[in-house]
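Have a look at my_file27.pdb below; it lists PDB, C-alpha atoms, pLDDT in the B column.
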```
ATOM      1  CA  MET A   1       0.000   0.000   0.000  1.00 48.00           C
ATOM      2  CA  ILE A   2       1.378   3.390  -1.014  1.00 52.00           C
ATOM      3  CA  ARG A   3       0.763   6.265   1.369  1.00 52.00           C
ATOM      4  CA  THR A   4       0.503   9.751   0.006  1.00 51.00           C
ATOM      5  CA  ASN A   5       2.053  12.539   1.918  1.00 52.00           C
ATOM      6  CA  GLN A   6      -0.597  15.107   2.866  1.00 60.00           C
ATOM      7  CA  ARG A   7       2.053  17.810   2.615  1.00 65.00           C
ATOM      8  CA  SER A   8       3.286  17.014  -0.843  1.00 73.00           C
ATOM      9  CA  PRO A   9       4.294  20.014  -2.968  1.00 72.00           C
ATOM     10  CA  ASN A  10       1.136  19.622  -5.059  1.00 74.00           C
ATOM     11  CA  ASN A  11      -1.127  19.698  -1.988  1.00 75.00           C
ATOM     12  CA  VAL A  12       0.693  22.713  -0.607  1.00 71.00           C
ATOM     13  CA  ARG A  13       0.365  24.541  -3.938  1.00 73.00           C
ATOM     14  CA  LYS A  14      -3.350  23.754  -4.125  1.00 69.00           C
ATOM     15  CA  THR A  15      -3.901  24.917  -0.555  1.00 68.00           C
ATOM     16  CA  MET A  16      -1.966  28.133  -1.159  1.00 70.00           C
ATOM     17  CA  GLN A  17      -3.955  28.802  -4.346  1.00 70.00           C
ATOM     18  CA  LYS A  18      -7.255  28.335  -2.463  1.00 65.00           C
ATOM     19  CA  LEU A  19      -6.015  30.672   0.242  1.00 66.00           C
ATOM     20  CA  ARG A  20      -5.052  33.341  -2.320  1.00 70.00           C
ATOM     21  CA  ILE A  21      -8.501  33.089  -3.915  1.00 68.00           C
ATOM     22  CA  PHE A  22     -10.186  33.370  -0.518  1.00 62.00           C
ATOM     23  CA  ILE A  23      -8.122  36.432   0.420  1.00 70.00           C
ATOM     24  CA  ALA A  24      -8.871  38.087  -2.927  1.00 68.00           C
ATOM     25  CA  MET A  25     -12.598  37.463  -2.440  1.00 72.00           C
ATOM     26  CA  GLU A  26     -12.513  38.894   1.086  1.00 79.00           C
ATOM     27  CA  GLU A  27     -10.577  41.937  -0.131  1.00 85.00           C
ATOM     28  CA  GLN A  28     -13.114  42.491  -2.926  1.00 86.00           C
ATOM     29  CA  THR A  29     -16.000  42.212  -0.458  1.00 90.00           C
ATOM     30  CA  PHE A  30     -14.341  44.745   1.844  1.00 91.00           C
ATOM     31  CA  ASN A  31     -13.748  47.136  -1.074  1.00 91.00           C
ATOM     32  CA  ASP A  32     -17.411  46.712  -2.124  1.00 93.00           C
ATOM     33  CA  LEU A  33     -18.414  47.577   1.441  1.00 94.00           C
ATOM     34  CA  LEU A  34     -16.256  50.722   1.429  1.00 93.00           C
ATOM     35  CA  ASP A  35     -17.744  51.783  -1.921  1.00 94.00           C
ATOM     36  CA  PHE A  36     -21.213  51.236  -0.458  1.00 95.00           C
ATOM     37  CA  VAL A  37     -20.419  53.352   2.623  1.00 94.00           C
ATOM     38  CA  TYR A  38     -19.074  56.195   0.480  1.00 94.00           C
ATOM     39  CA  ALA A  39     -22.107  56.069  -1.828  1.00 94.00           C
ATOM     40  CA  LYS A  40     -24.781  55.841   0.869  1.00 94.00           C
ATOM     41  CA  THR A  41     -23.292  58.479   3.164  1.00 92.00           C
ATOM     42  CA  LEU A  42     -22.217  60.836   0.356  1.00 89.00           C
ATOM     43  CA  LEU A  43     -18.839  60.972   2.064  1.00 87.00           C
ATOM     44  CA  SER A  44     -16.016  62.266  -0.086  1.00 89.00           C
ATOM     45  CA  LYS A  45     -13.493  59.625  -1.114  1.00 88.00           C
ATOM     46  CA  ASN A  46     -10.890  62.099   0.149  1.00 90.00           C
ATOM     47  CA  VAL A  47     -11.956  60.955   3.623  1.00 88.00           C
ATOM     48  CA  ALA A  48      -9.958  57.821   4.369  1.00 90.00           C
ATOM     49  CA  LEU A  49     -12.021  54.935   5.705  1.00 91.00           C
ATOM     50  CA  GLY A  50     -10.776  51.656   7.098  1.00 90.00           C
ATOM     51  CA  PRO A  51     -11.893  48.782   9.315  1.00 91.00           C
ATOM     52  CA  ASN A  52     -11.747  50.899  12.480  1.00 91.00           C
ATOM     53  CA  SER A  53     -13.734  53.827  11.081  1.00 92.00           C
ATOM     54  CA  ARG A  54     -16.644  54.481  13.450  1.00 91.00           C
ATOM     55  CA  LEU A  55     -20.062  54.785  11.863  1.00 90.00           C
ATOM     56  CA  CYS A  56     -21.334  57.471  14.253  1.00 85.00           C
ATOM     57  CA  ASP A  57     -18.235  59.458  15.157  1.00 83.00           C
ATOM     58  CA  ASP A  58     -16.203  59.284  11.948  1.00 87.00           C
ATOM     59  CA  ILE A  59     -18.930  58.945   9.328  1.00 89.00           C
ATOM     60  CA  GLY A  60     -21.743  60.779  11.111  1.00 85.00           C
ATOM     61  CA  LEU A  61     -24.507  58.175  10.801  1.00 86.00           C
ATOM     62  CA  THR A  62     -27.379  58.973  13.164  1.00 83.00           C
ATOM     63  CA  GLY A  63     -31.143  58.763  13.383  1.00 82.00           C
ATOM     64  CA  TRP A  64     -33.201  58.114  10.278  1.00 88.00           C
ATOM     65  CA  ASP A  65     -30.135  58.253   8.028  1.00 90.00           C
ATOM     66  CA  ALA A  66     -28.656  55.338   9.991  1.00 89.00           C
ATOM     67  CA  HIS A  67     -31.920  53.407   9.704  1.00 91.00           C
ATOM     68  CA  GLU A  68     -31.995  53.861   5.920  1.00 94.00           C
ATOM     69  CA  PHE A  69     -28.294  52.986   5.697  1.00 95.00           C
ATOM     70  CA  PHE A  70     -28.782  49.684   7.550  1.00 94.00           C
ATOM     71  CA  MET A  71     -31.824  48.713   5.499  1.00 96.00           C
ATOM     72  CA  ALA A  72     -29.821  49.316   2.299  1.00 97.00           C
ATOM     73  CA  TYR A  73     -26.812  47.455   3.777  1.00 96.00           C
ATOM     74  CA  ALA A  74     -29.009  44.459   4.612  1.00 96.00           C
ATOM     75  CA  GLU A  75     -30.450  44.357   1.115  1.00 97.00           C
ATOM     76  CA  ARG A  76     -27.198  44.973  -0.763  1.00 96.00           C
ATOM     77  CA  PHE A  77     -25.128  42.406   1.140  1.00 96.00           C
ATOM     78  CA  GLN A  78     -27.925  39.940   2.055  1.00 96.00           C
ATOM     79  CA  VAL A  79     -27.388  40.460   5.802  1.00 96.00           C
ATOM     80  CA  ASP A  80     -30.133  39.613   8.298  1.00 96.00           C
ATOM     81  CA  VAL A  81     -30.505  42.647  10.573  1.00 95.00           C
ATOM     82  CA  SER A  82     -33.783  41.550  12.194  1.00 94.00           C
ATOM     83  CA  ALA A  83     -32.107  41.104  15.621  1.00 92.00           C
ATOM     84  CA  PHE A  84     -29.955  44.240  15.284  1.00 90.00           C
ATOM     85  CA  GLN A  85     -31.001  46.951  17.747  1.00 87.00           C
ATOM     86  CA  LEU A  86     -29.977  50.109  15.918  1.00 86.00           C
ATOM     87  CA  ALA A  87     -30.876  52.394  18.831  1.00 81.00           C
ATOM     88  CA  ASP A  88     -28.218  50.666  20.963  1.00 81.00           C
ATOM     89  CA  TYR A  89     -25.484  51.732  18.546  1.00 81.00           C
ATOM     90  CA  VAL A  90     -26.429  55.089  17.041  1.00 79.00           C
ATOM     91  CA  GLY A  91     -27.846  58.255  18.511  1.00 69.00           C
ATOM     92  CA  ALA A  92     -30.894  60.247  17.516  1.00 66.00           C
ATOM     93  CA  GLU A  93     -30.484  62.637  14.626  1.00 62.00           C
ATOM     94  CA  GLY A  94     -29.536  66.132  15.783  1.00 57.00           C
ATOM     95  CA  SER A  95     -29.607  65.143  19.451  1.00 53.00           C
ATOM     96  CA  MET A  96     -28.160  67.712  21.833  1.00 48.00           C
ATOM     97  CA  PHE A  97     -27.489  65.004  24.405  1.00 50.00           C
ATOM     98  CA  HIS A  98     -24.277  63.038  24.435  1.00 48.00           C
ATOM     99  CA  PHE A  99     -24.989  59.484  23.358  1.00 53.00           C
ATOM    100  CA  LEU A 100     -22.983  56.634  24.822  1.00 56.00           C
ATOM    101  CA  PRO A 101     -23.532  53.485  22.762  1.00 56.00           C
ATOM    102  CA  LYS A 102     -23.012  49.990  24.208  1.00 57.00           C
ATOM    103  CA  THR A 103     -20.343  49.399  21.613  1.00 71.00           C
ATOM    104  CA  VAL A 104     -18.773  51.618  19.027  1.00 83.00           C
ATOM    105  CA  LEU A 105     -19.921  50.322  15.647  1.00 89.00           C
ATOM    106  CA  THR A 106     -17.210  50.192  12.983  1.00 91.00           C
ATOM    107  CA  ILE A 107     -16.863  49.221   9.353  1.00 93.00           C
ATOM    108  CA  HIS A 108     -15.207  46.039  10.612  1.00 92.00           C
ATOM    109  CA  HIS A 109     -18.493  45.099  12.318  1.00 93.00           C
ATOM    110  CA  LEU A 110     -20.334  45.595   9.026  1.00 94.00           C
ATOM    111  CA  PHE A 111     -17.781  43.340   7.329  1.00 93.00           C
ATOM    112  CA  LEU A 112     -18.302  40.643   9.976  1.00 93.00           C
ATOM    113  CA  GLY A 113     -22.028  40.937   9.336  1.00 94.00           C
ATOM    114  CA  ILE A 114     -21.427  40.237   5.655  1.00 94.00           C
ATOM    115  CA  GLN A 115     -19.205  37.254   6.433  1.00 91.00           C
ATOM    116  CA  HIS A 116     -21.826  35.735   8.766  1.00 93.00           C
ATOM    117  CA  SER A 117     -24.904  36.895   6.794  1.00 94.00           C
ATOM    118  CA  LYS A 118     -26.299  38.551   9.907  1.00 95.00           C
ATOM    119  CA  LEU A 119     -25.610  41.522  12.139  1.00 94.00           C
ATOM    120  CA  ASP A 120     -26.581  41.319  15.798  1.00 92.00           C
ATOM    121  CA  ASP A 121     -25.071  41.669  19.269  1.00 89.00           C
ATOM    122  CA  GLN A 122     -23.308  38.304  18.999  1.00 90.00           C
ATOM    123  CA  ILE A 123     -21.551  39.266  15.766  1.00 89.00           C
ATOM    124  CA  ILE A 124     -20.686  42.749  17.020  1.00 89.00           C
ATOM    125  CA  ASN A 125     -19.367  41.489  20.353  1.00 85.00           C
ATOM    126  CA  GLY A 126     -17.603  38.450  18.861  1.00 82.00           C
ATOM    127  CA  VAL A 127     -19.677  35.834  20.710  1.00 64.00           C
ATOM    128  CA  ASN A 128     -19.705  32.285  19.290  1.00 53.00           C
ATOM    129  CA  LEU A 129     -18.421  33.196  15.857  1.00 51.00           C
ATOM    130  CA  SER A 130     -17.777  30.037  13.890  1.00 49.00           C
TER     131      SER A 130
END
```
Encoding of this model in structure tokens:
Amino acid sequence: MIRTNQRSPNNVRKTMQKLRIFIAMEEQTFNDLLDFVYAKTLLSKNVALGPNSRLCDDIGLTGWDAHEFFMAYAERFQVDVSAFQLADYVGAEGSMFHFLPKTVLTIHHLFLGIQHSKLDDQIINGVNLS
């Protein structure tokens, strides 16, 4: 009986190729998300956005604008937001009162929502992600 080595050069090449494809797909998804954020918020592309960009503080999403943004996000990226409590993460539009959200919501959280096809407290807080 001939045993094949699981780590043969061919297997390693195939695994590396799959990994490169996966990374390229993830990068494209992230770039699509950034394009979506720029388009929906009318933010100038001169404003640099990245994974740690905060939706309220850096981008200015509040109130009804945030609601419309999340409905469009859910539709565009096929993300279930039915358990997402928007009021816990964004303040009222034009509020004079300082709003302290449970968690700062970032573009990275939106990306995780896309990866898991849902956005809720578990995704945002990193609970049981598999």
Worksheet item: If we count all atoms listed in the file, what is near Val37 in chain A at a cut-off of 10 Å, once residues fewer than 6 positions away on the same chain are taken out, given as a VMD selection string?
Response: chain A and resid 31 43 49 55 59 69 73 107
With 3 Å of padding per side, what axis-aligned box (centre and edge lengths, Å, one decimal) covers all the listed atoms of range 52-56 of chain A? Give it as AutoDock Vina command-line options.
```
--center_x -16.5 --center_y 54.2 --center_z 12.7 --size_x 15.6 --size_y 12.6 --size_z 9.2
```
Worksheet item: Mind pulling up the distance from CA of His109 in chain A to CA of Ile123 in chain A?
Response: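 Distance between the two atoms: 7.4 Å.
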Fill in: Straight-line distance linking CA of Val90 in chain A with CA of Asp32 in chain A, stated in Å to one decimal
22.8 Å
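Counting only C-alpha atoms and comparing A:Leu42, A:Leu33, A:Ala48, A:Ala87, the residue that lies closest to Gly113 in chain A is A:Leu33.
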Please complete range 74-90 of chain A so it has N, CA and C atoms, and hand it over as a PDB file, keeping the file's coordinate frame.
```
ATOM      1  N   ALA A  74     -28.436  45.798   4.507  1.00 96.00           N
ATOM      2  CA  ALA A  74     -29.009  44.459   4.612  1.00 96.00           C
ATOM      3  C   ALA A  74     -29.408  43.922   3.242  1.00 96.00           C
ATOM      4  N   GLU A  75     -30.019  44.782   2.437  1.00 97.00           N
ATOM      5  CA  GLU A  75     -30.450  44.357   1.115  1.00 97.00           C
ATOM      6  C   GLU A  75     -29.265  44.117   0.182  1.00 97.00           C
ATOM      7  N   ARG A  76     -28.340  45.053   0.158  1.00 96.00           N
ATOM      8  CA  ARG A  76     -27.198  44.973  -0.763  1.00 96.00           C
ATOM      9  C   ARG A  76     -26.317  43.754  -0.493  1.00 96.00           C
ATOM     10  N   PHE A  77     -26.069  43.473   0.790  1.00 96.00           N
ATOM     11  CA  PHE A  77     -25.128  42.406   1.140  1.00 96.00           C
ATOM     12  C   PHE A  77     -25.816  41.144   1.677  1.00 96.00           C
ATOM     13  N   GLN A  78     -27.158  41.106   1.590  1.00 96.00           N
ATOM     14  CA  GLN A  78     -27.925  39.940   2.055  1.00 96.00           C
ATOM     15  C   GLN A  78     -27.587  39.594   3.505  1.00 96.00           C
ATOM     16  N   VAL A  79     -27.681  40.618   4.381  1.00 96.00           N
ATOM     17  CA  VAL A  79     -27.388  40.460   5.802  1.00 96.00           C
ATOM     18  C   VAL A  79     -28.693  40.564   6.586  1.00 96.00           C
ATOM     19  N   ASP A  80     -28.949  39.595   7.442  1.00 96.00           N
ATOM     20  CA  ASP A  80     -30.133  39.613   8.298  1.00 96.00           C
ATOM     21  C   ASP A  80     -29.873  40.592   9.445  1.00 96.00           C
ATOM     22  N   VAL A  81     -30.644  41.656   9.506  1.00 95.00           N
ATOM     23  CA  VAL A  81     -30.505  42.647  10.573  1.00 95.00           C
ATOM     24  C   VAL A  81     -31.729  42.649  11.493  1.00 95.00           C
ATOM     25  N   SER A  82     -32.538  41.590  11.419  1.00 94.00           N
ATOM     26  CA  SER A  82     -33.783  41.550  12.194  1.00 94.00           C
ATOM     27  C   SER A  82     -33.544  41.588  13.707  1.00 94.00           C
ATOM     28  N   ALA A  83     -32.411  41.086  14.185  1.00 92.00           N
ATOM     29  CA  ALA A  83     -32.107  41.104  15.621  1.00 92.00           C
ATOM     30  C   ALA A  83     -31.190  42.270  16.003  1.00 92.00           C
ATOM     31  N   PHE A  84     -30.856  43.105  15.037  1.00 90.00           N
ATOM     32  CA  PHE A  84     -29.955  44.240  15.284  1.00 90.00           C
ATOM     33  C   PHE A  84     -30.752  45.393  15.883  1.00 90.00           C
ATOM     34  N   GLN A  85     -30.332  45.849  17.047  1.00 87.00           N
ATOM     35  CA  GLN A  85     -31.001  46.951  17.747  1.00 87.00           C
ATOM     36  C   GLN A  85     -30.261  48.252  17.457  1.00 87.00           C
ATOM     37  N   LEU A  86     -30.659  48.907  16.393  1.00 86.00           N
ATOM     38  CA  LEU A  86     -29.977  50.109  15.918  1.00 86.00           C
ATOM     39  C   LEU A  86     -29.846  51.173  17.003  1.00 86.00           C
ATOM     40  N   ALA A  87     -30.890  51.351  17.800  1.00 81.00           N
ATOM     41  CA  ALA A  87     -30.876  52.394  18.831  1.00 81.00           C
ATOM     42  C   ALA A  87     -29.788  52.182  19.881  1.00 81.00           C
ATOM     43  N   ASP A  88     -29.299  50.942  20.012  1.00 81.00           N
ATOM     44  CA  ASP A  88     -28.218  50.666  20.963  1.00 81.00           C
ATOM     45  C   ASP A  88     -26.858  51.134  20.445  1.00 81.00           C
ATOM     46  N   TYR A  89     -26.781  51.441  19.161  1.00 81.00           N
ATOM     47  CA  TYR A  89     -25.484  51.732  18.546  1.00 81.00           C
ATOM     48  C   TYR A  89     -25.371  53.120  17.924  1.00 81.00           C
ATOM     49  N   VAL A  90     -26.482  53.745  17.627  1.00 79.00           N
ATOM     50  CA  VAL A  90     -26.429  55.089  17.041  1.00 79.00           C
ATOM     51  C   VAL A  90     -27.386  56.013  17.779  1.00 79.00           C
TER      52      VAL A  90
END
```
